[in-house]
>>> print(open('query-v8.txt').read())   # compact mmCIF, C-alpha atoms and all ligand atoms
# COMPACT_ATOMS: atom_id res chain seq x y z
CA MET I 1 0.00 0.00 0.00
CA LYS I 2 1.24 3.46 -0.77
CA GLU I 3 2.09 5.33 2.39
CA SER I 4 -0.14 8.24 1.33
CA ARG I 5 -3.25 6.09 1.70
CA GLY I 6 -2.50 5.21 5.33
CA TRP I 7 -1.44 8.76 6.12
CA PHE I 8 -4.62 10.25 4.68
CA LEU I 9 -6.80 7.84 6.69
CA PHE I 10 -4.69 8.70 9.75
CA MET I 11 -5.51 12.39 9.24
CA ILE I 12 -9.21 11.74 8.61
CA ALA I 13 -9.36 9.52 11.72
CA GLY I 14 -7.71 12.37 13.67
CA LEU I 15 -10.31 14.86 12.48
CA LEU I 16 -13.23 12.53 13.25
CA LEU I 17 -11.74 11.77 16.67
CA PHE I 18 -11.74 15.46 17.36
CA VAL I 19 -15.51 15.50 16.85
CA LEU I 20 -16.35 12.15 18.49
CA LEU I 21 -14.02 12.59 21.45
CA GLY I 22 -15.47 16.06 21.89
CA ALA I 23 -18.95 14.57 22.00
CA HIS I 24 -17.74 11.92 24.47
CA LEU I 25 -16.09 14.49 26.75
CA ILE I 26 -19.12 16.74 26.70
CA GLY I 27 -21.43 13.80 27.42
CA MET I 28 -19.30 12.43 30.25
CA HIS I 29 -17.79 15.46 31.90
CA LEU I 30 -19.90 18.45 30.98
CA SER I 31 -23.27 16.71 31.32
CA SER I 32 -24.21 19.16 34.06
CA LEU I 33 -24.71 21.65 31.24
CA PHE I 34 -27.73 19.57 30.19
CA GLY I 35 -29.10 19.33 33.68
CA ILE I 36 -27.74 15.82 34.40
CA SER I 37 -25.64 15.59 37.52
CA TYR I 38 -22.00 14.51 37.14
CA GLU I 39 -22.42 11.74 39.74
CA LYS I 40 -25.38 10.38 37.88
CA THR I 41 -23.48 10.18 34.57
CA LEU I 42 -20.78 8.06 36.17
CA SER I 43 -23.04 5.95 38.37
CA PHE I 44 -23.14 2.21 37.66
CA SER I 45 -26.77 2.15 36.65
CA HIS I 46 -26.25 5.01 34.20
CA VAL I 47 -23.16 3.35 32.66
CA ALA I 48 -25.09 0.08 32.38
CA GLU I 49 -28.04 1.85 30.82
CA ARG I 50 -25.78 3.49 28.21
CA SER I 51 -23.95 0.24 27.49
CA ALA I 52 -27.23 -1.48 26.75
CA ASN I 53 -28.18 1.17 24.20
CA VAL I 54 -27.48 0.17 20.56
CA ALA I 55 -26.81 3.75 19.39
CA PHE I 56 -24.28 4.28 22.19
CA THR I 57 -22.62 0.96 21.39
CA ILE I 58 -22.23 1.87 17.71
CA PHE I 59 -20.91 5.33 18.64
CA TYR I 60 -18.25 3.85 20.95
CA LEU I 61 -17.24 1.13 18.52
CA ILE I 62 -16.62 3.78 15.85
CA LEU I 63 -14.71 5.86 18.39
CA LEU I 64 -12.66 2.82 19.39
CA ALA I 65 -11.84 1.90 15.77
CA LEU I 66 -10.77 5.44 14.92
CA ALA I 67 -8.71 5.86 18.09
CA LEU I 68 -6.98 2.52 17.59
CA PHE I 69 -6.19 3.20 13.93
CA HIS I 70 -4.93 6.71 14.65
CA GLY I 71 -2.88 5.57 17.66
CA SER I 72 -1.38 2.47 16.02
CA TYR I 73 -0.44 4.37 12.86
CA GLY I 74 1.26 7.00 15.02
CA VAL I 75 3.17 4.39 17.05
CA ARG I 76 4.23 2.67 13.83
CA ALA I 77 5.44 5.99 12.38
CA ILE I 78 7.54 6.63 15.48
CA LEU I 79 9.00 3.12 15.43
CA LEU I 80 9.81 3.27 11.71
CA GLU I 81 11.91 6.36 12.28
CA LEU I 82 14.46 4.12 13.94
CA PRO I 83 16.98 2.45 11.66
CA TRP I 84 15.50 -1.00 10.93
CA SER I 85 16.05 -3.32 8.01
CA GLN I 86 13.22 -3.50 5.47
CA GLY I 87 12.18 -6.95 6.71
CA ARG I 88 11.96 -5.73 10.30
CA GLU I 89 9.92 -2.72 9.18
CA ARG I 90 7.31 -5.07 7.75
CA ILE I 91 7.31 -7.14 10.95
CA ILE I 92 6.79 -3.97 13.02
CA THR I 93 3.83 -2.98 10.84
CA TRP I 94 2.24 -6.41 11.32
CA ILE I 95 2.87 -6.44 15.08
CA VAL I 96 1.38 -2.97 15.57
CA ALA I 97 -1.62 -3.84 13.34
CA GLY I 98 -2.06 -7.13 15.25
CA ILE I 99 -2.06 -5.41 18.64
CA GLY I 100 -4.53 -2.82 17.34
CA LEU I 101 -6.88 -5.52 16.04
CA LEU I 102 -6.58 -7.44 19.29
CA PHE I 103 -7.66 -4.39 21.28
CA PHE I 104 -10.47 -3.75 18.84
CA GLY I 105 -11.65 -7.34 19.16
CA TYR I 106 -11.59 -7.04 22.93
CA GLY I 107 -13.57 -3.78 22.74
CA VAL I 108 -16.17 -5.32 20.43
CA TRP I 109 -16.51 -8.33 22.70
CA ALA I 110 -16.97 -6.10 25.77
CA ALA I 111 -19.51 -3.89 24.00
CA LEU I 112 -21.53 -6.84 22.72
CA ALA I 113 -21.38 -8.55 26.09
CA ALA I 114 -22.77 -5.38 27.70
CA LEU I 115 -25.50 -5.22 25.06
CA GLY I 116 -26.36 -8.88 25.65
CA GLN I 117 -26.74 -8.22 29.38
CA LYS I 118 -29.55 -5.80 28.71
CA GLY I 119 -32.02 -7.71 30.78
CA VAL I 120 -29.68 -7.89 33.77
CA PHE I 121 -28.66 -4.23 33.74
CA VAL I 122 -31.91 -2.46 33.12
CA MET Q 123 33.93 71.71 8.80
CA SER Q 124 33.19 68.08 7.99
CA ARG Q 125 36.13 65.87 7.20
CA THR Q 126 35.69 63.61 4.15
CA ARG Q 127 37.26 60.19 4.61
CA SER Q 128 39.68 59.22 1.86
CA LEU Q 129 39.82 55.70 0.44
CA SER Q 130 43.11 55.09 2.24
CA ASP Q 131 41.40 55.96 5.57
CA ILE Q 132 38.86 53.23 4.90
CA ASP Q 133 41.65 50.81 3.94
CA ILE Q 134 43.32 51.46 7.30
CA GLN Q 135 40.01 50.95 9.11
CA MET Q 136 39.44 47.64 7.33
CA ASP Q 137 42.99 46.54 8.11
CA LYS Q 138 42.77 47.27 11.84
CA VAL Q 139 42.61 44.24 14.14
CA ILE Q 140 39.46 44.79 16.17
CA ARG Q 141 39.58 41.85 18.55
CA GLU Q 142 41.12 38.43 18.99
CA VAL Q 143 38.79 35.46 18.81
CA THR Q 144 39.43 31.85 19.71
CA PHE Q 145 38.39 29.34 17.05
CA ARG Q 146 37.60 26.08 18.87
CA ILE Q 147 37.63 23.47 16.10
CA LEU Q 148 36.59 19.85 16.51
CA ARG Q 149 39.49 18.03 14.89
CA TYR Q 150 39.05 14.51 13.54
CA ASN Q 151 41.85 12.71 11.76
CA GLY Q 152 39.69 10.27 9.83
CA THR Q 153 41.10 7.15 11.47
CA GLY Q 154 38.18 6.39 13.77
CA GLU Q 155 39.83 7.88 16.86
CA PRO Q 156 37.49 10.13 18.86
CA PRO Q 157 37.55 13.76 17.69
CA THR Q 158 39.23 16.34 19.93
CA GLU Q 159 38.87 20.13 20.22
CA ARG Q 160 41.77 22.48 19.42
CA ASP Q 161 41.94 26.21 20.00
CA TYR Q 162 43.42 28.76 17.58
CA THR Q 163 43.67 32.51 18.16
CA VAL Q 164 42.59 34.57 15.19
CA PRO Q 165 43.09 38.36 14.90
CA VAL Q 166 39.80 39.65 13.53
CA LYS Q 167 39.46 42.62 11.18
CA ARG Q 168 36.22 44.22 10.03
CA GLY Q 169 34.45 42.18 7.36
CA MET Q 170 36.18 38.89 8.21
CA THR Q 171 34.00 35.81 7.85
CA VAL Q 172 34.41 32.51 9.67
CA LEU Q 173 35.85 31.15 6.41
CA ASP Q 174 38.44 33.96 6.38
CA GLY Q 175 39.33 32.97 9.96
CA LEU Q 176 39.76 29.35 8.91
CA LEU Q 177 41.96 30.39 5.98
CA TYR Q 178 44.05 32.49 8.38
CA ILE Q 179 44.53 29.41 10.58
CA LYS Q 180 45.41 27.25 7.58
CA GLU Q 181 47.93 29.79 6.23
CA ASN Q 182 49.53 30.90 9.50
CA LEU Q 183 48.87 28.49 12.37
CA ASP Q 184 48.10 24.94 11.27
CA GLY Q 185 48.11 23.79 7.66
CA SER Q 186 46.51 20.46 8.57
CA VAL Q 187 43.06 21.88 9.37
CA SER Q 188 40.63 20.61 6.72
CA PHE Q 189 37.45 22.31 5.51
CA ARG Q 190 35.57 22.71 2.24
CA TYR Q 191 35.09 25.96 0.34
CA SER Q 192 35.16 27.29 -3.16
CA CYS Q 193 33.29 30.47 -4.06
CA ARG Q 194 33.62 32.40 -0.75
CA MET Q 195 30.34 34.14 -1.55
CA GLY Q 196 27.44 31.84 -0.61
CA VAL Q 197 27.00 30.35 -4.06
CA CYS Q 198 28.76 26.99 -4.25
CA GLY Q 199 27.31 25.53 -1.04
CA SER Q 200 30.61 23.94 0.06
CA CYS Q 201 31.38 25.57 3.39
CA GLY Q 202 28.45 24.41 5.56
CA MET Q 203 29.38 23.63 9.18
CA ILE Q 204 28.04 23.99 12.71
CA ILE Q 205 29.06 27.43 13.94
CA ASN Q 206 28.39 28.02 17.63
CA GLY Q 207 25.88 25.18 17.59
CA LYS Q 208 23.95 26.30 14.49
CA PRO Q 209 24.25 25.02 10.92
CA ALA Q 210 25.53 27.89 8.75
CA LEU Q 211 27.78 28.75 5.81
CA ALA Q 212 31.25 29.79 7.00
CA CYS Q 213 31.62 32.31 4.18
CA GLN Q 214 28.32 34.01 5.05
CA THR Q 215 28.94 34.32 8.79
CA GLN Q 216 30.66 37.50 9.92
CA ILE Q 217 32.90 36.86 12.94
CA LEU Q 218 32.09 40.23 14.52
CA ASP Q 219 28.34 39.57 14.17
CA LEU Q 220 28.75 36.48 16.37
CA ASP Q 221 30.10 38.78 19.10
CA ARG Q 222 31.83 35.99 21.01
CA ASP Q 223 35.36 35.48 22.28
CA VAL Q 224 35.15 31.78 21.46
CA ILE Q 225 33.66 30.41 18.25
CA THR Q 226 33.05 26.68 18.18
CA LEU Q 227 33.22 24.89 14.84
CA ARG Q 228 32.29 21.30 14.12
CA PRO Q 229 31.26 19.40 11.00
CA MET Q 230 27.60 19.29 9.96
CA ASP Q 231 25.41 16.87 11.92
CA ASN Q 232 23.65 13.92 10.27
CA TYR Q 233 26.53 13.20 7.85
CA PRO Q 234 29.47 10.85 8.29
CA ASN Q 235 32.68 12.80 8.86
CA ILE Q 236 35.70 12.47 6.59
CA LYS Q 237 38.15 14.80 8.36
CA ASP Q 238 37.87 17.86 10.65
CA LEU Q 239 35.12 20.04 9.13
CA VAL Q 240 34.66 17.93 5.98
CA PRO Q 241 31.44 15.89 5.95
CA ASP Q 242 30.66 13.11 3.50
CA LEU Q 243 27.75 14.50 1.47
CA THR Q 244 27.08 11.36 -0.60
CA ASN Q 245 23.75 10.89 1.15
CA LEU Q 246 22.59 14.40 0.24
CA PHE Q 247 23.36 13.97 -3.44
CA GLU Q 248 21.89 10.46 -3.62
CA LYS Q 249 18.62 11.69 -2.14
CA HIS Q 250 18.65 14.61 -4.55
CA ARG Q 251 19.23 12.24 -7.48
CA ARG Q 252 16.30 10.06 -6.34
CA ILE Q 253 13.75 12.77 -7.06
CA LYS Q 254 15.02 13.18 -10.67
CA PRO Q 255 15.95 16.86 -10.48
CA TYR Q 256 15.48 17.72 -14.14
CA ILE Q 257 12.63 18.42 -16.53
CA ILE Q 258 11.14 15.27 -18.03
CA ARG Q 259 8.91 15.49 -21.11
CA PRO Q 260 7.88 13.19 -23.91
CA ASP Q 261 9.22 15.58 -26.59
CA ARG Q 262 12.79 14.43 -26.02
CA GLN Q 263 13.98 15.73 -29.38
CA GLU Q 264 12.85 19.27 -28.54
CA LEU Q 265 14.50 19.07 -25.09
CA ASP Q 266 17.83 18.01 -26.55
CA HIS Q 267 17.71 20.34 -29.56
CA PRO Q 268 15.39 23.20 -28.61
CA THR Q 269 13.78 25.16 -31.41
CA ARG Q 270 11.55 27.42 -29.30
CA GLU Q 271 10.73 28.19 -25.65
CA TYR Q 272 8.06 26.58 -23.49
CA ALA Q 273 5.34 29.04 -22.53
CA GLN Q 274 5.52 30.04 -18.86
CA SER Q 275 3.96 33.14 -17.34
CA PRO Q 276 5.75 35.18 -14.65
CA GLU Q 277 3.17 33.88 -12.11
CA GLU Q 278 3.88 30.26 -13.09
CA LEU Q 279 7.60 30.91 -12.66
CA GLU Q 280 7.05 32.68 -9.33
CA ALA Q 281 5.24 29.62 -7.95
CA PHE Q 282 8.47 27.56 -7.81
CA LEU Q 283 11.21 30.18 -8.19
CA GLN Q 284 12.36 30.18 -4.55
CA PHE Q 285 13.19 26.46 -4.73
CA THR Q 286 15.58 27.06 -7.63
CA TYR Q 287 17.82 29.10 -5.31
CA CYS Q 288 18.93 25.95 -3.48
CA ILE Q 289 22.74 25.62 -3.58
CA LYS Q 290 22.82 22.04 -2.24
CA CYS Q 291 24.78 23.02 0.84
CA GLY Q 292 23.04 20.33 2.91
CA LEU Q 293 22.53 22.55 5.97
CA CYS Q 294 18.81 21.71 6.03
CA LEU Q 295 19.50 17.98 6.39
CA SER Q 296 21.96 18.76 9.13
CA ALA Q 297 19.26 20.67 11.06
CA CYS Q 298 16.45 18.16 10.42
CA PRO Q 299 15.39 16.20 13.54
CA THR Q 300 13.85 13.43 11.44
CA VAL Q 301 17.05 12.84 9.45
CA ALA Q 302 18.80 12.60 12.84
CA THR Q 303 16.69 9.60 13.87
CA ASP Q 304 15.93 8.16 10.43
CA PRO Q 305 18.95 8.46 8.10
CA GLN Q 306 16.86 6.98 5.27
CA PHE Q 307 14.34 9.84 5.41
CA ILE Q 308 14.40 11.59 2.04
CA GLY Q 309 15.05 14.94 3.73
CA PRO Q 310 14.12 18.58 3.15
CA GLN Q 311 16.52 19.41 0.34
CA ALA Q 312 15.16 16.70 -1.97
CA LEU Q 313 11.56 17.49 -0.99
CA GLY Q 314 12.04 21.18 -1.81
CA GLN Q 315 13.43 20.21 -5.20
CA LEU Q 316 10.65 17.70 -5.81
CA ALA Q 317 8.11 20.46 -5.13
CA ARG Q 318 10.02 22.61 -7.62
CA TYR Q 319 9.57 20.08 -10.46
CA MET Q 320 6.01 19.17 -9.47
CA ILE Q 321 5.02 22.85 -9.76
CA ASP Q 322 7.08 23.71 -12.85
CA ASN Q 323 4.57 23.54 -15.71
CA ARG Q 324 7.26 22.57 -18.22
CA ASP Q 325 7.70 19.20 -16.47
CA ALA Q 326 5.39 16.41 -17.66
CA ASN Q 327 6.34 13.74 -15.16
CA PHE Q 328 3.90 14.62 -12.37
CA ASP Q 329 2.31 11.16 -12.01
CA GLU Q 330 5.64 9.40 -11.54
CA ARG Q 331 6.92 12.14 -9.23
CA CYS Q 332 3.92 11.49 -6.96
CA ASP Q 333 5.27 7.97 -6.36
CA LEU Q 334 8.93 8.88 -5.85
CA VAL Q 335 8.65 9.71 -2.15
CA ASP Q 336 5.40 7.96 -1.24
CA ASP Q 337 6.98 5.32 1.00
CA VAL Q 338 7.77 4.74 4.68
CA HIS Q 339 10.89 6.90 4.60
CA GLY Q 340 9.39 9.42 2.21
CA VAL Q 341 7.61 12.72 2.63
CA TRP Q 342 5.15 11.43 5.28
CA ARG Q 343 7.90 11.26 7.90
CA CYS Q 344 8.24 15.08 7.80
CA HIS Q 345 6.86 16.42 11.10
CA PHE Q 346 7.03 20.02 9.89
CA ALA Q 347 9.57 21.00 12.56
CA GLY Q 348 10.68 23.79 10.21
CA ALA Q 349 14.35 23.66 11.28
CA CYS Q 350 15.35 23.29 7.60
CA THR Q 351 13.75 26.59 6.64
CA GLU Q 352 15.21 28.26 9.70
CA VAL Q 353 18.82 27.46 8.68
CA CYS Q 354 18.62 27.74 4.88
CA PRO Q 355 21.15 30.42 3.87
CA LYS Q 356 19.40 31.12 0.56
CA GLY Q 357 15.94 31.86 1.92
CA VAL Q 358 14.47 28.67 0.44
CA ASP Q 359 11.55 27.20 2.39
CA PRO Q 360 12.08 23.42 2.13
CA ALA Q 361 9.51 22.84 4.90
CA LEU Q 362 6.91 24.45 2.66
CA GLY Q 363 8.17 22.29 -0.21
CA ALA Q 364 7.53 19.13 1.85
CA GLN Q 365 3.97 20.22 2.68
CA LEU Q 366 3.31 21.03 -0.99
CA VAL Q 367 4.54 17.59 -1.99
CA LYS Q 368 2.16 15.99 0.54
CA HIS Q 369 -0.66 18.15 -0.81
CA TYR Q 370 -0.02 17.16 -4.45
CA ILE Q 371 0.38 13.45 -3.69
CA LEU Q 372 -2.89 13.34 -1.74
CA LYS Q 373 -4.74 15.28 -4.41
CA HIS Q 374 -3.33 12.98 -7.09
CA HIS Q 375 -4.02 9.67 -5.34
CA TRP Q 376 -7.35 10.49 -3.72
CA PHE Q 377 -8.88 13.04 -6.06
CA GLY Q 378 -7.21 12.18 -9.37
CA MET Q 379 -5.41 15.53 -9.72
CA LYS Q 380 -3.63 15.96 -13.05
CA LYS Q 381 -1.09 18.61 -13.96
CA LYS Q 382 -1.54 21.06 -16.78
CA VAL Q 383 1.67 20.91 -18.78
CA THR Q 384 2.72 23.83 -20.93
CA GLN Q 385 3.57 23.61 -24.61
CA LEU Q 386 5.97 25.38 -26.92
CA ILE Q 387 5.20 29.01 -27.65
CA PRO Q 388 3.55 29.41 -31.07
CA GLU Q 389 5.85 30.06 -33.99
CA THR Q 390 6.62 33.74 -34.39
CA VAL Q 391 4.31 35.30 -36.95
CA SER Q 392 6.37 37.10 -39.59
CA GLY Q 393 5.38 40.76 -40.05
CA THR Q 394 4.35 42.55 -43.24
CA ARG Q 395 5.72 45.95 -44.10
CA ARG Q 396 3.20 48.78 -44.36
CA GLU Q 397 3.26 51.13 -47.31
CA GLY Q 398 4.69 54.63 -47.05
CA ILE Q 399 7.10 54.14 -44.14
CA PRO Q 400 10.35 56.01 -44.86
CA GLU Q 401 13.60 54.04 -45.07
CA PRO Q 402 16.00 54.33 -42.06
CA PRO Q 403 19.16 56.42 -42.56
CA PRO Q 404 22.23 54.50 -43.70
CA ARG Q 405 24.38 52.76 -41.04
CA THR Q 406 27.14 54.82 -39.46
CA VAL Q 407 29.15 51.78 -38.23
CA GLU Q 408 29.87 48.48 -39.86
CA SER Q 409 28.08 45.46 -38.47
CA THR Q 410 30.46 42.93 -36.90
CA THR Q 411 28.27 39.92 -37.61
S1 LIG D 501 17.30 24.04 0.79
FE1 LIG D 501 18.64 25.67 1.63
S2 LIG D 501 19.73 24.63 3.33
FE2 LIG D 501 18.85 23.01 2.07
S3 LIG D 501 20.49 22.44 0.64
FE3 LIG D 501 19.22 24.00 -0.40
S4 LIG D 501 20.22 25.95 0.06
FE4 LIG D 501 21.04 24.46 1.52
S1 LIG D 502 32.48 28.94 -0.05
FE1 LIG D 502 30.86 28.74 -1.48
S2 LIG D 502 29.13 28.85 -0.24
FE2 LIG D 502 30.71 29.25 1.17
>>> encode(input="query-v8.txt", output="structure tokens", more="lines below")
Ligand code: SF4
Ligand code: FES
Amino acid sequence: MKESRGWFLFMIAGLLLFVLLGAHLIGMHLSSLFGISYEKTLSFSHVAERSANVAFTIFYLILLALALFHGSYGVRAILLELPWSQGRERIITWIVAGIGLLFFGYGVWAALAALGQKGVFV
Amino acid sequence: MSRTRSLSDIDIQMDKVIREVTFRILRYNGTGEPPTERDYTVPVKRGMTVLDGLLYIKENLDGSVSFRYSCRMGVCGSCGMIINGKPALACQTQILDLDRDVITLRPMDNYPNIKDLVPDLTNLFEKHRRIKPYIIRPDRQELDHPTREYAQSPEELEAFLQFTYCIKCGLCLSACPTVATDPQFIGPQALGQLARYMIDNRDANFDERCDLVDDVHGVWRCHFAGACTEVCPKGVDPALGAQLVKHYILKHHWFGMKKKVTQLIPETVSGTRREGIPEPPPRTVESTT
């Protein structure tokens, strides 16, 4: 793959993260602006209620995918600035991508598990 | 009554030693032994550059000090070195402007060292060669045996003109933090020159140029630190060049950008003589051609 493709997606992911993370921060930490108390936002029942909501789950899965792609690409870029052989560079790319996918898989599993517990939580 | 200074007064002023400055040079003998610093005292006159100081040392104190120079006027790009911690041209740095009793000199960073202040610039020239720094067009015959000029407006020339001032001194690579960690990074000098040919509307090789530095050690490793532009002695902005290259590659790969290439100017239309115009007076000198 040409490096420009990855770099462009990295930039787009960064821009989208700016919006989605902003929404997340406002929802979690500035919720008092909307008349919801801070304690309530972070209470277990509220977290459970959110986790059982499909729209929230999709929102956080997108956020997770973007954050992981942006972060892994950045870590790879830093690592590739060290003097490696070409073979090692490819291995680094695969390792970083593998770790990213692993985290994403774990996130998806957790999100789906929370969704599946709907009956228990709410 | 005001006293006018004669030329000989000025000569005396220029010849007066104004202060003594210590040149602390990092000496390296090229054998792999660790480099060591050596001090030389240089009597400084008005107008003396660091290169003049080095020549004074070579002629009067120690003939074994090695450094590169040629033009002595900021044109050949040979005398780049680290002067008081900053990459600069020795022939463009006035000693009195530094206003220090001790001037430290060491070879440019990010290059292997051959001897004393002489770096091995092979890397710089290889990177420059990689971006194909010449106009490429399908009309090869016209390029080799030009019959007319290619049309280019002053605005089209202005768009890349600053990049043509590069003298390949290599100071920008020496200042670049990315080259310091990734020696394979293509570097600011080559990126500035690539921008130059991507913009130049006489060049028809845009598509291939977009692929030349689109790899892991290519243009995407530029973090836009801007150190290259800061040290460039010719006022070139290689950091801008790198961002322009990114811009063109993205536009080409994602949005199918194509370049508008110029053509030869139309053949000159031959004039027709109007009736009734008087003949010019006869020549007063013989033509030499
Ligand atoms: S861009 Fe400036 S600093 Fe870099 S090689 Fe050219 S003249 Fe020297
Ligand atoms: S001697 Fe030519 S640039 Fe300094």
>>> residues_around(input="query-v8.txt", residues="I:Gly107", least_positions_apart="3", cutoff="10 Å", atoms="all atoms listed in the file", output="MDAnalysis selection string")
chainID I and resid 60:61 64:65 101:104 110:113
>>> residues_near_ligand(input="query-v8.txt", ligand="ligand LIG 501 (chain D)", cutoff="8 Å", atoms="all atoms listed in the file", output="list in words")
Gly199, Phe285, Tyr287, Cys288, Ile289, Lys290, Cys291, Gly292, Leu293, Cys294, Leu295, Pro310, Gln311, Gly314, Cys350, Thr351, Val353, Cys354, Pro355, Lys356, Gly357, Val358, Asp359 and Pro360 of chain Q
>>> closest_atom_pairs(input="query-v8.txt", of="chain Q", to="ligand LIG 502 (chain D)", cutoff="8 Å", atoms="all atoms listed in the file", output="tab-separated table")
residue	atom	partner	partner_atom	distance
Q:Leu173	CA	D:LIG502	FE2	7.6
Q:Arg190	CA	D:LIG502	S1	7.3
Q:Tyr191	CA	D:LIG502	S1	4.0
Q:Ser192	CA	D:LIG502	S1	4.4
Q:Cys193	CA	D:LIG502	FE1	3.9
Q:Arg194	CA	D:LIG502	S1	3.7
Q:Met195	CA	D:LIG502	FE1	5.4
Q:Gly196	CA	D:LIG502	S2	3.5
Q:Val197	CA	D:LIG502	S2	4.6
Q:Cys198	CA	D:LIG502	FE1	3.9
Q:Gly199	CA	D:LIG502	S2	3.9
Q:Ser200	CA	D:LIG502	FE1	5.0
Q:Cys201	CA	D:LIG502	FE2	4.3
Q:Gly202	CA	D:LIG502	FE2	6.9
Q:Leu211	CA	D:LIG502	FE2	5.5
Q:Ala212	CA	D:LIG502	FE2	5.9
Q:Cys213	CA	D:LIG502	FE2	4.4
Q:Gln214	CA	D:LIG502	FE2	6.6
Q:Ile289	CA	D:LIG502	S2	7.9
Q:Cys291	CA	D:LIG502	S2	7.4
>>> interface_residues(input="query-v8.txt", of="chain Q", to="chain I", cutoff="9 Å", atoms="only C-alpha atoms", output="list of chain:residue names")
Q:Thr300, Q:Val301, Q:Thr303, Q:Asp304, Q:Pro305, Q:Gln306, Q:Phe307, Q:Asp333, Q:Asp336, Q:Asp337, Q:Val338, Q:His339, Q:Gly340, Q:Trp342, Q:Arg343, Q:Lys368, Q:Ile371, Q:Leu372, Q:His375, Q:Trp376
>>> atom_distance(input="query-v8.txt", atom1="atom CA of Q:Leu177", atom2="atom CA of Q:Arg141")
17.2 Å
>>> residues_around(input="query-v8.txt", residues="stretch 20-32 of chain I", least_positions_apart="5", cutoff="10 Å", atoms="all atoms listed in the file", output="PDB file with C-alpha atoms, in the frame of the given file")
ATOM      1  CA  GLY I  14      -7.710  12.370  13.670  1.00  0.00           C
ATOM      2  CA  LEU I  15     -10.310  14.860  12.480  1.00  0.00           C
ATOM      3  CA  SER I  37     -25.640  15.590  37.520  1.00  0.00           C
ATOM      4  CA  TYR I  38     -22.000  14.510  37.140  1.00  0.00           C
ATOM      5  CA  GLU I  39     -22.420  11.740  39.740  1.00  0.00           C
ATOM      6  CA  LYS I  40     -25.380  10.380  37.880  1.00  0.00           C
ATOM      7  CA  THR I  41     -23.480  10.180  34.570  1.00  0.00           C
ATOM      8  CA  LEU I  42     -20.780   8.060  36.170  1.00  0.00           C
ATOM      9  CA  PHE I  59     -20.910   5.330  18.640  1.00  0.00           C
ATOM     10  CA  TYR I  60     -18.250   3.850  20.950  1.00  0.00           C
ATOM     11  CA  ILE I  62     -16.620   3.780  15.850  1.00  0.00           C
ATOM     12  CA  LEU I  63     -14.710   5.860  18.390  1.00  0.00           C
ATOM     13  CA  LEU I  66     -10.770   5.440  14.920  1.00  0.00           C
ATOM     14  CA  ALA I  67      -8.710   5.860  18.090  1.00  0.00           C
TER      15      ALA I  67
END
>>> atom_distance(input="query-v8.txt", atom1="atom CA of Q:Val341", atom2="atom CA of Q:Ala326")
20.7 Å
>>> atom_distance(input="query-v8.txt", atom1="atom CA of Q:Asn151", atom2="atom CA of Q:Asp242")
13.9 Å
>>> residues_near_point(input="query-v8.txt", point="(-26.0, 4.6, 31.2)", cutoff="12 Å", atoms="all atoms listed in the file", output="list in words")
Gly27, Met28, Ile36, Glu39, Lys40, Thr41, Leu42, Ser43, Phe44, Ser45, His46, Val47, Ala48, Glu49, Arg50, Ser51, Ala52, Asn53, Val54, Ala55, Phe56, Thr57, Ala114, Leu115, Lys118, Phe121 and Val122 of chain I
>>> residues_around(input="query-v8.txt", residues="Q:Pro255", least_positions_apart="3", cutoff="12 Å", atoms="only C-alpha atoms", output="list in words")
Phe247, Glu248, Lys249, His250, Arg251, Arg252, Ile258, Phe285, Thr286, Cys288, Lys290, Gln311, Ala312, Leu313, Gly314, Gln315, Leu316, Ala317, Arg318, Tyr319, Met320, Asp322, Asp325, Asn327, Arg331 and Leu334 of chain Q
>>> residues_near_point(input="query-v8.txt", point="(34.1, 19.7, 14.1)", cutoff="6 Å", atoms="only C-alpha atoms", output="MDAnalysis selection string")
chainID Q and resid 147:149 227:229 238:239
>>> axis_aligned_box(input="query-v8.txt", around="stretch 379-390 of chain Q", padding_each_side="3 Å", output="AutoDock Vina command-line options")
--center_x 0.6 --center_y 24.6 --center_z -22.1 --size_x 18.0 --size_y 24.2 --size_z 30.7
>>> closest_residue(input="query-v8.txt", among="Q:Arg168, Q:Arg160, Q:Arg259, Q:Lys382", to="Q:Asp137", atoms="only C-alpha atoms")
Q:Arg168
>>> residues_around(input="query-v8.txt", residues="Q:Thr163", least_positions_apart="5", cutoff="10 Å", atoms="only C-alpha atoms", output="ChimeraX atom specification")
/Q:142-146,175,178-179,183,223-224
